[in-house]
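Student: Handing over run00.tsv, TSV, C-alpha atoms.
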chain	number	residue	atom	x	y	z
A	216	MET	CA	-21.79	-27.26	-39.11
A	217	VAL	CA	-21.17	-24.19	-36.98
A	218	PHE	CA	-24.89	-23.47	-36.78
A	219	GLU	CA	-25.51	-27.01	-35.55
A	220	LYS	CA	-23.07	-26.40	-32.73
A	221	ILE	CA	-24.80	-23.10	-31.93
A	222	ASP	CA	-28.16	-24.89	-31.83
A	223	ARG	CA	-26.75	-27.35	-29.32
A	224	ILE	CA	-25.42	-24.51	-27.15
A	225	LEU	CA	-28.76	-22.71	-27.33
A	226	GLU	CA	-30.57	-25.88	-26.30
A	227	GLU	CA	-28.22	-26.36	-23.37
A	228	HIS	CA	-29.18	-22.92	-22.15
A	229	GLU	CA	-32.87	-23.53	-22.92
A	230	TYR	CA	-33.08	-20.45	-25.16
A	231	LYS	CA	-33.15	-18.25	-22.06
A	232	HIS	CA	-32.66	-14.52	-22.61
A	233	SER	CA	-31.01	-14.27	-19.21
A	234	ALA	CA	-28.28	-16.68	-20.35
A	235	VAL	CA	-27.33	-14.66	-23.41
A	236	ILE	CA	-23.84	-13.84	-22.13
A	237	SER	CA	-23.04	-17.49	-21.37
A	238	ILE	CA	-24.43	-18.47	-24.75
A	239	MET	CA	-22.23	-15.92	-26.49
A	240	GLN	CA	-19.18	-17.08	-24.51
A	241	ASP	CA	-19.81	-20.68	-25.49
A	242	VAL	CA	-20.43	-19.73	-29.10
A	243	GLN	CA	-17.24	-17.71	-29.16
A	244	GLY	CA	-15.46	-20.88	-28.04
A	245	ILE	CA	-16.20	-22.46	-31.44
A	246	GLU	CA	-14.29	-20.04	-33.64
A	247	ASN	CA	-12.52	-17.87	-31.05
A	248	TYR	CA	-14.54	-14.86	-32.22
A	249	LEU	CA	-18.11	-13.87	-33.02
A	250	PRO	CA	-18.78	-13.50	-36.73
A	251	GLU	CA	-21.64	-11.29	-37.89
A	252	ASP	CA	-23.68	-14.20	-39.26
A	253	THR	CA	-23.38	-16.03	-35.96
A	254	LEU	CA	-24.73	-13.07	-34.00
A	255	ARG	CA	-27.59	-12.66	-36.47
A	256	TYR	CA	-28.37	-16.37	-36.10
A	257	ILE	CA	-28.38	-16.16	-32.29
A	258	SER	CA	-30.63	-13.11	-32.41
A	259	GLU	CA	-33.08	-14.90	-34.68
A	260	LYS	CA	-33.14	-18.11	-32.62
A	261	LEU	CA	-33.40	-16.37	-29.25
A	262	GLU	CA	-35.93	-13.87	-30.58
A	263	LEU	CA	-33.83	-11.15	-29.00
A	264	ASN	CA	-33.09	-7.80	-30.66
A	265	LEU	CA	-29.90	-7.74	-32.66
A	266	THR	CA	-29.16	-4.31	-31.17
A	267	ARG	CA	-29.17	-5.82	-27.69
A	268	ILE	CA	-26.81	-8.62	-28.74
A	269	PHE	CA	-24.51	-6.20	-30.54
A	270	ASP	CA	-24.51	-3.99	-27.43
A	271	ILE	CA	-23.39	-6.94	-25.28
A	272	ALA	CA	-20.84	-8.10	-27.83
A	273	THR	CA	-19.22	-4.65	-27.94
A	274	PHE	CA	-19.58	-3.92	-24.23
A	275	TYR	CA	-17.54	-6.82	-22.87
A	276	LYS	CA	-13.86	-7.06	-23.66
A	277	THR	CA	-14.06	-10.87	-23.73
A	278	PHE	CA	-16.04	-10.80	-26.94
A	279	SER	CA	-14.30	-10.17	-30.22
A	280	LEU	CA	-15.99	-9.32	-33.49
A	281	THR	CA	-12.80	-9.71	-35.47
A	282	PRO	CA	-10.98	-13.03	-35.97
A	283	ARG	CA	-8.47	-13.83	-33.26
A	284	GLY	CA	-5.35	-15.93	-33.32
A	285	ARG	CA	-5.13	-19.43	-31.92
A	286	HIS	CA	-3.15	-18.15	-28.95
A	287	THR	CA	-4.02	-14.97	-27.10
A	288	ILE	CA	-1.15	-13.16	-25.46
A	289	ARG	CA	-2.26	-10.96	-22.59
A	290	VAL	CA	0.31	-8.57	-21.23
A	291	CYS	CA	-0.51	-7.10	-17.85
A	292	SER	CA	-0.06	-3.35	-17.68
A	293	GLY	CA	-1.31	-2.85	-14.15
A	294	THR	CA	0.63	-0.68	-11.73
A	295	ALA	CA	3.04	-3.31	-10.42
A	296	CYS	CA	3.71	-4.77	-13.88
A	297	HIS	CA	4.05	-1.33	-15.42
A	298	LEU	CA	6.73	-0.43	-12.88
A	299	GLY	CA	8.37	-3.78	-13.48
A	300	GLY	CA	8.84	-2.98	-17.17
A	301	ALA	CA	5.67	-4.21	-18.87
A	302	VAL	CA	6.03	-1.55	-21.56
A	303	LYS	CA	9.44	-2.88	-22.61
A	304	ASN	CA	8.09	-6.42	-22.70
A	305	LEU	CA	5.16	-5.31	-24.81
A	306	GLU	CA	7.46	-3.54	-27.25
A	307	GLN	CA	9.64	-6.64	-27.49
A	308	ILE	CA	6.60	-8.82	-28.23
A	309	GLN	CA	5.43	-6.35	-30.85
A	310	ARG	CA	8.85	-6.52	-32.51
A	311	THR	CA	9.01	-10.31	-32.31
A	312	ILE	CA	5.63	-11.11	-33.86
A	313	ASN	CA	5.26	-7.86	-35.86
A	314	ILE	CA	1.84	-6.79	-34.67
A	315	GLN	CA	0.49	-3.98	-32.55
A	316	GLU	CA	-1.70	-4.29	-29.50
A	317	GLY	CA	-5.22	-5.48	-30.38
A	318	GLU	CA	-4.09	-7.09	-33.62
A	319	THR	CA	-3.67	-10.65	-34.87
A	320	THR	CA	-0.74	-12.06	-36.82
A	321	ASP	CA	-1.29	-12.84	-40.50
A	322	ASP	CA	-0.95	-16.58	-39.90
A	323	ARG	CA	-3.61	-16.27	-37.17
A	324	MET	CA	-1.27	-17.80	-34.60
A	325	PHE	CA	-1.13	-14.98	-32.03
A	326	SER	CA	-3.36	-12.16	-30.86
A	327	LEU	CA	-1.94	-9.48	-28.62
A	328	GLU	CA	-3.86	-7.73	-25.86
A	329	THR	CA	-3.07	-5.68	-22.82
A	330	VAL	CA	-5.05	-6.07	-19.63
A	331	ASN	CA	-5.18	-3.82	-16.62
A	332	CYS	CA	-4.53	-6.30	-13.86
A	333	LEU	CA	-4.40	-10.06	-13.63
A	334	GLY	CA	-4.38	-10.14	-9.85
A	335	ALA	CA	-0.89	-11.60	-9.77
A	336	CYS	CA	1.00	-8.44	-8.84
A	337	ALA	CA	3.55	-10.35	-6.74
A	338	LEU	CA	4.74	-12.07	-9.93
A	339	ALA	CA	5.16	-8.78	-11.84
A	340	PRO	CA	5.68	-8.27	-14.70
A	341	VAL	CA	3.20	-10.93	-15.78
A	342	MET	CA	2.06	-12.15	-19.15
A	343	VAL	CA	-0.48	-14.85	-19.96
A	344	ILE	CA	-0.69	-16.97	-23.06
A	345	ASP	CA	-4.05	-18.75	-23.28
A	346	GLU	CA	-4.15	-20.21	-19.74
A	347	ASP	CA	-0.42	-20.26	-18.91
A	348	TYR	CA	1.03	-17.57	-16.66
A	349	TYR	CA	4.61	-16.33	-17.04
A	350	ASP	CA	6.12	-14.38	-14.18
A	351	ALA	CA	9.04	-11.94	-13.94
A	352	VAL	CA	9.11	-11.57	-17.71
A	353	ASN	CA	11.88	-9.51	-19.30
A	354	PRO	CA	12.51	-8.70	-22.97
A	355	GLY	CA	15.20	-11.40	-23.15
A	356	LYS	CA	12.77	-14.16	-22.20
A	357	ILE	CA	10.09	-13.30	-24.76
A	358	GLU	CA	11.41	-15.39	-27.67
A	359	LYS	CA	11.88	-18.41	-25.40
A	360	ILE	CA	8.33	-18.10	-24.08
A	361	LEU	CA	6.74	-17.70	-27.51
A	362	SER	CA	8.63	-20.35	-29.47
A	363	PRO	CA	6.88	-23.48	-28.07
A	364	TYR	CA	3.50	-22.06	-29.16
A	365	ARG	CA	4.72	-21.57	-32.71
A	366	LEU	CA	5.77	-25.20	-32.95
A	367	GLU	CA	2.48	-26.59	-31.71
A	368	PRO	CA	0.86	-28.75	-34.39
A	369	GLU	CA	-2.50	-27.80	-35.87
A	370	VAL	CA	-5.46	-29.04	-33.90
B	227	MET	CA	-52.70	3.31	-2.47
B	228	LYS	CA	-51.89	6.99	-2.05
B	229	VAL	CA	-49.09	8.10	0.20
B	230	PRO	CA	-48.36	11.60	1.47
B	231	ILE	CA	-44.91	13.07	0.85
B	232	THR	CA	-43.53	16.59	1.06
B	233	ILE	CA	-41.71	18.32	-1.75
B	234	ASP	CA	-40.00	21.60	-0.86
B	235	GLY	CA	-42.42	21.95	2.04
B	236	GLN	CA	-45.53	21.17	0.00
B	237	MET	CA	-47.70	18.19	0.93
B	238	VAL	CA	-48.61	15.93	-2.02
B	239	GLN	CA	-50.69	12.74	-2.22
B	240	ILE	CA	-49.27	10.33	-4.78
B	241	ASP	CA	-49.57	6.64	-5.70
B	242	LYS	CA	-47.14	4.45	-3.80
B	243	GLY	CA	-44.17	3.45	-5.94
B	244	ALA	CA	-44.57	6.32	-8.40
B	245	PRO	CA	-41.33	8.15	-9.19
B	246	ILE	CA	-40.53	11.37	-7.32
B	247	ILE	CA	-40.76	13.34	-10.56
B	248	ASP	CA	-44.50	12.60	-10.84
B	249	ALA	CA	-45.05	13.98	-7.36
B	250	ALA	CA	-42.98	17.05	-8.22
B	251	LYS	CA	-45.12	17.68	-11.28
B	252	LYS	CA	-48.23	17.46	-9.09
B	253	ALA	CA	-46.74	19.97	-6.69
B	254	GLY	CA	-45.71	22.26	-9.53
B	255	VAL	CA	-42.01	21.92	-8.79
B	256	VAL	CA	-39.83	21.92	-11.88
B	257	ILE	CA	-36.98	19.40	-12.01
B	258	PRO	CA	-34.62	19.71	-14.99
B	259	THR	CA	-34.26	16.54	-17.06
B	260	LEU	CA	-32.69	15.43	-20.31
B	261	CYS	CA	-33.25	11.68	-20.48
B	262	TYR	CA	-36.78	11.56	-19.07
B	263	HIS	CA	-39.87	11.14	-21.20
B	264	GLU	CA	-43.38	10.33	-20.01
B	265	ALA	CA	-43.92	7.73	-22.70
B	266	LEU	CA	-40.85	5.74	-21.74
B	267	LYS	CA	-39.60	3.78	-18.76
B	268	PRO	CA	-37.30	5.87	-16.57
B	269	TYR	CA	-33.64	5.30	-17.32
B	270	GLY	CA	-31.65	7.66	-15.07
B	271	SER	CA	-28.71	8.29	-17.37
B	272	CYS	CA	-28.45	12.09	-17.48
B	273	ARG	CA	-28.41	12.46	-13.66
B	274	LEU	CA	-29.75	16.01	-13.97
B	275	CYS	CA	-32.90	15.25	-12.00
B	276	MET	CA	-30.92	14.66	-8.78
B	277	VAL	CA	-32.83	15.65	-5.66
B	278	GLU	CA	-32.06	15.33	-1.99
B	279	ILE	CA	-34.36	13.13	0.06
B	280	LEU	CA	-34.83	12.67	3.78
B	281	LEU	CA	-36.00	9.15	4.51
B	282	ASN	CA	-35.68	7.26	7.80
B	283	LYS	CA	-33.62	10.15	9.19
B	284	GLN	CA	-31.07	9.72	6.39
B	285	ARG	CA	-30.31	12.35	3.79
B	286	ARG	CA	-29.14	11.32	0.36
B	287	LEU	CA	-29.12	12.25	-3.30
B	288	VAL	CA	-31.25	10.22	-5.70
B	289	THR	CA	-32.49	10.57	-9.26
B	290	ALA	CA	-36.06	11.83	-9.22
B	291	CYS	CA	-37.03	10.12	-12.47
B	292	ASN	CA	-36.74	6.56	-11.19
B	293	PHE	CA	-36.77	6.70	-7.38
B	294	PRO	CA	-40.09	5.47	-5.99
B	295	VAL	CA	-41.84	7.53	-3.32
B	296	GLU	CA	-42.34	6.12	0.14
B	297	VAL	CA	-44.40	7.06	3.16
B	298	GLY	CA	-42.94	9.98	5.08
B	299	MET	CA	-40.41	10.90	2.42
B	300	GLU	CA	-39.27	14.49	2.30
B	301	VAL	CA	-37.86	15.78	-0.98
B	302	PHE	CA	-35.75	18.88	-1.45
B	303	THR	CA	-35.11	20.05	-4.98
B	304	ASP	CA	-33.14	23.21	-4.36
B	305	THR	CA	-30.52	22.60	-1.68
B	306	ALA	CA	-26.87	23.56	-1.96
B	307	LYS	CA	-25.91	19.92	-2.57
B	308	VAL	CA	-28.43	19.52	-5.37
B	309	ARG	CA	-27.39	22.77	-7.04
B	310	HIS	CA	-23.74	21.77	-6.78
B	311	ILE	CA	-24.23	18.40	-8.40
B	312	ARG	CA	-26.47	19.74	-11.17
B	313	ARG	CA	-23.90	22.41	-12.02
B	314	MET	CA	-21.19	19.77	-12.18
B	315	ILE	CA	-23.27	17.60	-14.53
B	316	ILE	CA	-24.10	20.52	-16.81
B	317	GLU	CA	-20.45	21.55	-16.93
B	318	LEU	CA	-19.39	18.02	-17.85
B	319	LEU	CA	-22.08	17.85	-20.52
B	320	LEU	CA	-20.97	21.23	-21.86
B	321	ALA	CA	-17.41	19.98	-22.10
B	322	ARG	CA	-18.64	17.00	-24.10
B	323	CYS	CA	-21.07	18.89	-26.33
B	324	PRO	CA	-19.99	22.55	-26.57
B	325	ASP	CA	-22.26	23.26	-29.54
B	326	VAL	CA	-25.62	22.24	-28.13
B	327	LEU	CA	-27.85	25.26	-27.58
B	328	SER	CA	-30.31	23.60	-25.21
B	329	LEU	CA	-27.45	22.77	-22.85
B	330	HIS	CA	-26.26	26.36	-22.93
B	331	ALA	CA	-29.76	27.53	-22.09
B	332	MET	CA	-29.86	25.16	-19.12
B	333	ALA	CA	-26.42	26.31	-18.00
B	334	LYS	CA	-27.51	29.92	-18.18
B	335	GLN	CA	-30.50	29.15	-15.98
B	336	MET	CA	-28.18	27.69	-13.40
B	337	GLY	CA	-25.82	30.63	-13.65
B	338	ILE	CA	-22.95	28.85	-15.39
B	339	LYS	CA	-21.05	30.85	-17.97
B	340	SER	CA	-18.59	28.28	-19.21
B	341	SER	CA	-17.35	24.81	-18.39
B	342	ARG	CA	-14.16	24.49	-16.38
B	343	PHE	CA	-13.31	21.24	-18.16
B	344	LYS	CA	-11.39	20.77	-21.35
B	345	LYS	CA	-13.61	20.75	-24.40
B	346	GLN	CA	-13.87	17.49	-26.27
B	347	ASP	CA	-14.02	16.89	-29.99
B	348	SER	CA	-17.40	18.14	-30.94
B	349	THR	CA	-20.20	15.62	-30.59
B	350	GLU	CA	-23.81	16.46	-29.98
B	351	CYS	CA	-24.91	13.19	-28.48
B	352	ILE	CA	-25.22	13.09	-24.69
B	353	LEU	CA	-25.98	9.34	-24.64
B	354	CYS	CA	-29.30	9.83	-22.87
B	355	GLY	CA	-30.65	6.80	-24.70
B	356	LEU	CA	-34.00	8.44	-25.53
B	357	CYS	CA	-33.81	7.53	-29.22
B	358	VAL	CA	-32.78	3.97	-28.39
B	359	ARG	CA	-35.54	3.51	-25.85
B	360	PHE	CA	-38.16	5.14	-28.04
B	361	CYS	CA	-37.22	2.88	-30.91
B	362	GLU	CA	-37.51	-0.16	-28.64
B	363	GLU	CA	-40.48	0.66	-26.44
B	364	VAL	CA	-42.79	2.76	-28.58
B	365	VAL	CA	-41.90	2.02	-32.19
B	366	GLY	CA	-40.98	-1.55	-31.28
B	367	VAL	CA	-38.33	-2.22	-33.90
B	368	SER	CA	-35.04	-1.61	-32.06
B	369	ALA	CA	-33.20	-0.38	-35.11
B	370	ILE	CA	-30.61	1.51	-33.09
B	371	GLY	CA	-28.83	0.68	-29.88
B	372	LEU	CA	-25.99	1.76	-27.65
B	373	VAL	CA	-22.69	0.08	-28.48
B	374	SER	CA	-19.26	-0.21	-26.84
B	375	ARG	CA	-18.61	1.24	-23.43
B	376	GLY	CA	-16.91	4.02	-21.57
B	377	ILE	CA	-15.55	6.80	-23.75
B	378	ASP	CA	-16.30	4.80	-26.89
B	379	ARG	CA	-20.02	4.42	-26.19
B	380	GLU	CA	-22.22	5.62	-29.00
B	381	VAL	CA	-25.59	5.20	-30.66
B	382	ALA	CA	-25.39	2.97	-33.71
B	383	THR	CA	-27.11	0.26	-35.67
B	384	PRO	CA	-25.94	-3.35	-35.27
B	385	PHE	CA	-22.59	-3.80	-37.04
B	386	LYS	CA	-22.81	-0.12	-37.98
B	387	VAL	CA	-24.42	-0.88	-41.32
B	388	ALA	CA	-27.75	0.31	-42.70
B	389	SER	CA	-30.56	-1.07	-40.61
B	390	ASP	CA	-32.93	-3.57	-42.15
B	391	VAL	CA	-35.64	-3.05	-39.55
B	392	CYS	CA	-35.85	0.76	-39.36
B	393	ILE	CA	-39.16	2.00	-40.70
B	394	GLY	CA	-37.96	5.56	-41.17
B	395	CYS	CA	-40.53	7.01	-38.78
B	396	GLY	CA	-38.17	9.75	-37.62
B	397	SER	CA	-39.06	9.34	-33.93
B	398	CYS	CA	-35.39	9.41	-32.95
B	399	THR	CA	-34.97	12.74	-34.72
B	400	TYR	CA	-38.00	14.13	-32.98
B	401	ILE	CA	-37.19	12.92	-29.46
B	402	CYS	CA	-33.48	13.78	-29.37
B	403	PRO	CA	-33.02	16.54	-26.76
B	404	THR	CA	-29.88	17.92	-28.40
B	405	GLY	CA	-30.95	17.59	-32.02
B	406	CYS	CA	-27.98	15.44	-32.98
B	407	ILE	CA	-29.96	13.06	-35.16
B	408	GLU	CA	-30.84	14.57	-38.48
B	409	MET	CA	-33.33	13.27	-41.01
B	410	VAL	CA	-32.17	13.75	-44.57
B	411	SER	CA	-33.76	12.59	-47.77
B	412	ASP	CA	-32.04	10.83	-50.58
B	413	LYS	CA	-32.15	12.90	-53.75
B	414	LYS	CA	-32.28	9.86	-55.99
B	415	ILE	CA	-35.16	8.14	-54.20
B	416	PRO	CA	-37.65	10.75	-52.98
B	417	GLN	CA	-39.23	8.60	-50.25
B	418	MET	CA	-35.87	7.52	-48.87
B	419	ARG	CA	-35.19	8.99	-45.45
B	420	ILE	CA	-31.88	8.53	-43.73
B	421	MET	CA	-31.16	9.33	-40.09
B	422	LYS	CA	-27.76	10.85	-39.68
B	423	MET	CA	-25.80	11.25	-36.49
B	424	GLY	CA	-22.52	13.00	-37.11
B	425	GLN	CA	-20.75	10.79	-39.59
B	426	HIS	CA	-22.94	7.78	-38.88
B	427	SER	CA	-25.87	6.89	-40.97
B	428	LEU	CA	-28.39	5.26	-38.65
B	429	LYS	CA	-30.52	3.86	-41.37
B	430	ALA	CA	-31.57	3.39	-44.92
B	431	CYS	CA	-34.84	1.54	-45.36
B	432	ILE	CA	-34.55	-1.49	-47.57
B	433	ASN	CA	-38.17	-1.25	-48.62
B	434	GLU	CA	-37.88	2.34	-49.84
B	435	PHE	CA	-40.56	3.36	-47.35
B	436	GLN	CA	-43.35	1.49	-49.01
B	437	CYS	CA	-44.84	0.94	-45.57
B	438	GLU	CA	-47.99	-0.76	-46.89
B	439	THR	CA	-45.97	-3.63	-48.30
B	440	CYS	CA	-43.53	-3.90	-45.43
B	441	PRO	CA	-44.29	-6.45	-42.67
B	442	VAL	CA	-42.76	-4.24	-39.98
B	443	GLY	CA	-44.55	-1.13	-41.23
B	444	LYS	CA	-47.88	-2.89	-41.54
B	445	GLU	CA	-47.83	-4.14	-37.97
B	446	PHE	CA	-46.81	-0.72	-36.75
B	447	PHE	CA	-49.60	1.04	-38.61
B	448	GLU	CA	-52.18	-1.44	-37.34
B	449	ASP	CA	-50.94	-0.85	-33.79
B	450	MET	CA	-51.07	2.89	-34.32
B	451	ARG	CA	-54.63	2.65	-35.64
B	452	LEU	CA	-55.64	0.76	-32.48
B	453	VAL	CA	-53.91	3.29	-30.25
B	454	ILE	CA	-55.61	6.19	-32.03
B	455	ALA	CA	-59.02	4.49	-31.87
B	456	GLU	CA	-58.57	3.82	-28.16
B	457	PHE	CA	-57.53	7.41	-27.59
B	458	ARG	CA	-60.62	8.71	-29.39
B	459	ASN	CA	-62.95	6.42	-27.43
B	460	ASN	CA	-61.60	7.78	-24.18
Would you kindly transcribe this structure into C-alpha cells?

Tutor:
Amino acid sequence: MVFEKIDRILEEHEYKHSAVISIMQDVQGIENYLPEDTLRYISEKLELNLTRIFDIATFYKTFSLTPRGRHTIRVCSGTACHLGGAVKNLEQIQRTINIQEGETTDDRMFSLETVNCLGACALAPVMVIDEDYYDAVNPGKIEKILSPYRLEPEV
Amino acid sequence: MKVPITIDGQMVQIDKGAPIIDAAKKAGVVIPTLCYHEALKPYGSCRLCMVEILLNKQRRLVTACNFPVEVGMEVFTDTAKVRHIRRMIIELLLARCPDVLSLHAMAKQMGIKSSRFKKQDSTECILCGLCVRFCEEVVGVSAIGLVSRGIDREVATPFKVASDVCIGCGSCTYICPTGCIEMVSDKKIPQMRIMKMGQHSLKACINEFQCETCPVGKEFFEDMRLVIAEFRNN
C-alpha cells in the first residue's frame, strides 16, 4: 500500500536522481516520517546509494527518521522570540504535553520542535502548529491553543 | 592545451583546467594536504591546501586541490596570509583531534606548539571524507557515508547498522590520514574483519568474506583483474 504510493511519487519525478529531495519530501508526506524500509525501497528503485540517501535524510532537519505526531509544534527560539519569553512558553508546553523538545507524545498526537527563526519577528514570541501561526504567545495561552488540536477527530 | 602559470616565481606549463596542486607538484613546491588523494576527485574539505592567487589583478585565497589553473595565473604558496590561515586550520584540527600524531607533526612544521582553542572530547576523525570517497569511487560499494551535519557530522553506515555491501577490503583503514579507522578481526570467525571507528562498527560482512561467492566481491575482483592487466600492458 505504502510502496504503491512511493512508486507513484517516483514516477511523478521520473526516477530522477536530481529530484531525490523532493521525492523524499513527498514520501515523508505519507507517514509523516521516513521509515528505514521506505528509504531502502527508494534507494533500490532509484538505483542510488543508500549512504547518499541516508546522508540527505540526516542532513536536513525537515526529514525525520523517527515517527512524528500528527501535529508538529514548532516553537521559535530566535532572538526576538527568545527575548519575548520563548523559553517560558517552551517549558509550559513541555509541562502540558509531558514531552521534551524533539520528542513525540505517546498517543502520537504532538511532536515538539524548536526552530531558530520563522521570519515573523514582529509577532514575537511565535509558535506554529502544522501550518497555523500563533503570535504573542504567553504561558497562559498555551492550553487554549493546544486544546482544539486534541479534539480533532481521526483522519 | 597547455597554459603557462607561475608558482612562487617558477614558470610551469600545465594542462588547462588542471588543479593548482598538479602544477605545484610539477614545480616541486610542496603544499600540505589532508583530504587530497591522486586517485580520487578533489573534495576541498580540509582547507589546508589554501594558496594565494593573483588573477585579473585580484588577489584571493583558494584551495589548491580543486581550483583550476588559468592563463596568466600567479600562485603564491608561502605568503603571510597563507601561513596565517594554515596555522588557524591546524590549530582548529588540533583542538578537535588532540591525539593524532600526524597533525602534531604538521603543527610542528608550521611552528605551532599548542592549540589556543579548547580541546574537544577526543575523536580522531577529521571528516576529510577520504574513506567515504574511496569506498564510492574506487571500491564502488559505498558502504560508508557522511551523516548528519554541523557538529554532529560523522562517518557511518546507513542507519548505523552493520553494512550489507562492505566487502571488507580495508581501503578505508589504509587511506585514513589520522588512522582513526581500525581493522579488527573477529575471534570466532577468522575471516571476519570489522572496521572500527571509535565506538562505531563500520561493518561486518554478511558473507563472511567468502569473496568468490559474493556478487559484490566477484565484480570487484573482475574489475581489479582488468585494472591490473591494463597496468601491466602499459

Student: Quick check: residues of chain A within 10 Å of chain B, only C-alpha atoms, returned as a PDB file with C-alpha atoms, keeping the file's coordinate frame.

Tutor:
ATOM      1  CA  GLU A 251     -21.640 -11.290 -37.890  1.00  0.00           C
ATOM      2  CA  LEU A 254     -24.730 -13.070 -34.000  1.00  0.00           C
ATOM      3  CA  ARG A 255     -27.590 -12.660 -36.470  1.00  0.00           C
ATOM      4  CA  ASN A 264     -33.090  -7.800 -30.660  1.00  0.00           C
ATOM      5  CA  LEU A 265     -29.900  -7.740 -32.660  1.00  0.00           C
ATOM      6  CA  THR A 266     -29.160  -4.310 -31.170  1.00  0.00           C
ATOM      7  CA  ARG A 267     -29.170  -5.820 -27.690  1.00  0.00           C
ATOM      8  CA  ILE A 268     -26.810  -8.620 -28.740  1.00  0.00           C
ATOM      9  CA  PHE A 269     -24.510  -6.200 -30.540  1.00  0.00           C
ATOM     10  CA  ASP A 270     -24.510  -3.990 -27.430  1.00  0.00           C
ATOM     11  CA  ILE A 271     -23.390  -6.940 -25.280  1.00  0.00           C
ATOM     12  CA  ALA A 272     -20.840  -8.100 -27.830  1.00  0.00           C
ATOM     13  CA  THR A 273     -19.220  -4.650 -27.940  1.00  0.00           C
ATOM     14  CA  PHE A 274     -19.580  -3.920 -24.230  1.00  0.00           C
ATOM     15  CA  TYR A 275     -17.540  -6.820 -22.870  1.00  0.00           C
ATOM     16  CA  LYS A 276     -13.860  -7.060 -23.660  1.00  0.00           C
ATOM     17  CA  LEU A 280     -15.990  -9.320 -33.490  1.00  0.00           C
TER      18      LEU A 280
END

Student: From the list B:Gly396, B:Leu274, B:Asp449, B:Ile279, which residue is nearest Ile257 of chain B when using all atoms listed in the file?

Tutor: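 Answer, going by the shortest atom-to-atom distance: B:Leu274.
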
Student: I'd like the contact shell of Met299 of chain B - 9 Å cut-off, all atoms listed in the file, skipping same-chain residues fewer than 4 positions apart - returned as a JSON list (two decimals) with C-alpha atoms, in the frame of the given file.

Tutor:
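Once everything was written out, this is out18.json:
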[["chain", "number", "residue", "atom", "x", "y", "z"],
["B", 230, "PRO", "CA", -48.36, 11.60, 1.47],
["B", 231, "ILE", "CA", -44.91, 13.07, 0.85],
["B", 232, "THR", "CA", -43.53, 16.59, 1.06],
["B", 233, "ILE", "CA", -41.71, 18.32, -1.75],
["B", 279, "ILE", "CA", -34.36, 13.13, 0.06],
["B", 280, "LEU", "CA", -34.83, 12.67, 3.78],
["B", 281, "LEU", "CA", -36.00, 9.15, 4.51],
["B", 282, "ASN", "CA", -35.68, 7.26, 7.80],
["B", 295, "VAL", "CA", -41.84, 7.53, -3.32]]

Student: So, counting all atoms listed in the file, which residue among A:Tyr364, A:Val242, A:Asp321, A:Phe278 is closest to Asp347 of chain A?

Tutor: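 Closest to Asp347 of chain A of all the choices is A:Tyr364.
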
Student: Would you mind listing what lies within 12 Å of Leu338 of chain A as a list of chain:residue names, with all atoms listed in the file counted and same-chain residues fewer than 4 positions away left out?

Tutor: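 Counting only the stated atoms, we get A:Cys291, A:Gly293, A:Ala295, A:Cys296, A:Gly299, A:Ala301, A:Cys332, A:Leu333, A:Gly334, A:Met342, A:Val343, A:Tyr348, A:Tyr349, A:Asp350, A:Ala351, A:Val352.
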
Student: Report as a PyMOL selection string all protein, DNA and RNA residues lying within 10 Å of Ile257 of chain A, evaluated on all atoms listed in the file, omitting residues in the same chain fewer than 3 positions from it.

Tutor: chain A and resi 218+221-222+225+230+235+238-239+242+252-254+260-265+268

Student: Enter the distance from atom CA of Arg285 of chain A to atom CA of Asn331 of chain A, in Å, rounded to one decimal.

Tutor: 21.9 Å

Student: Would you mind listing what lies within 7 Å of Asn353 of chain A as a VMD selection string, with all atoms listed in the file counted and same-chain residues fewer than 3 positions away left out?

Tutor: chain A and resid 304 356 to 357
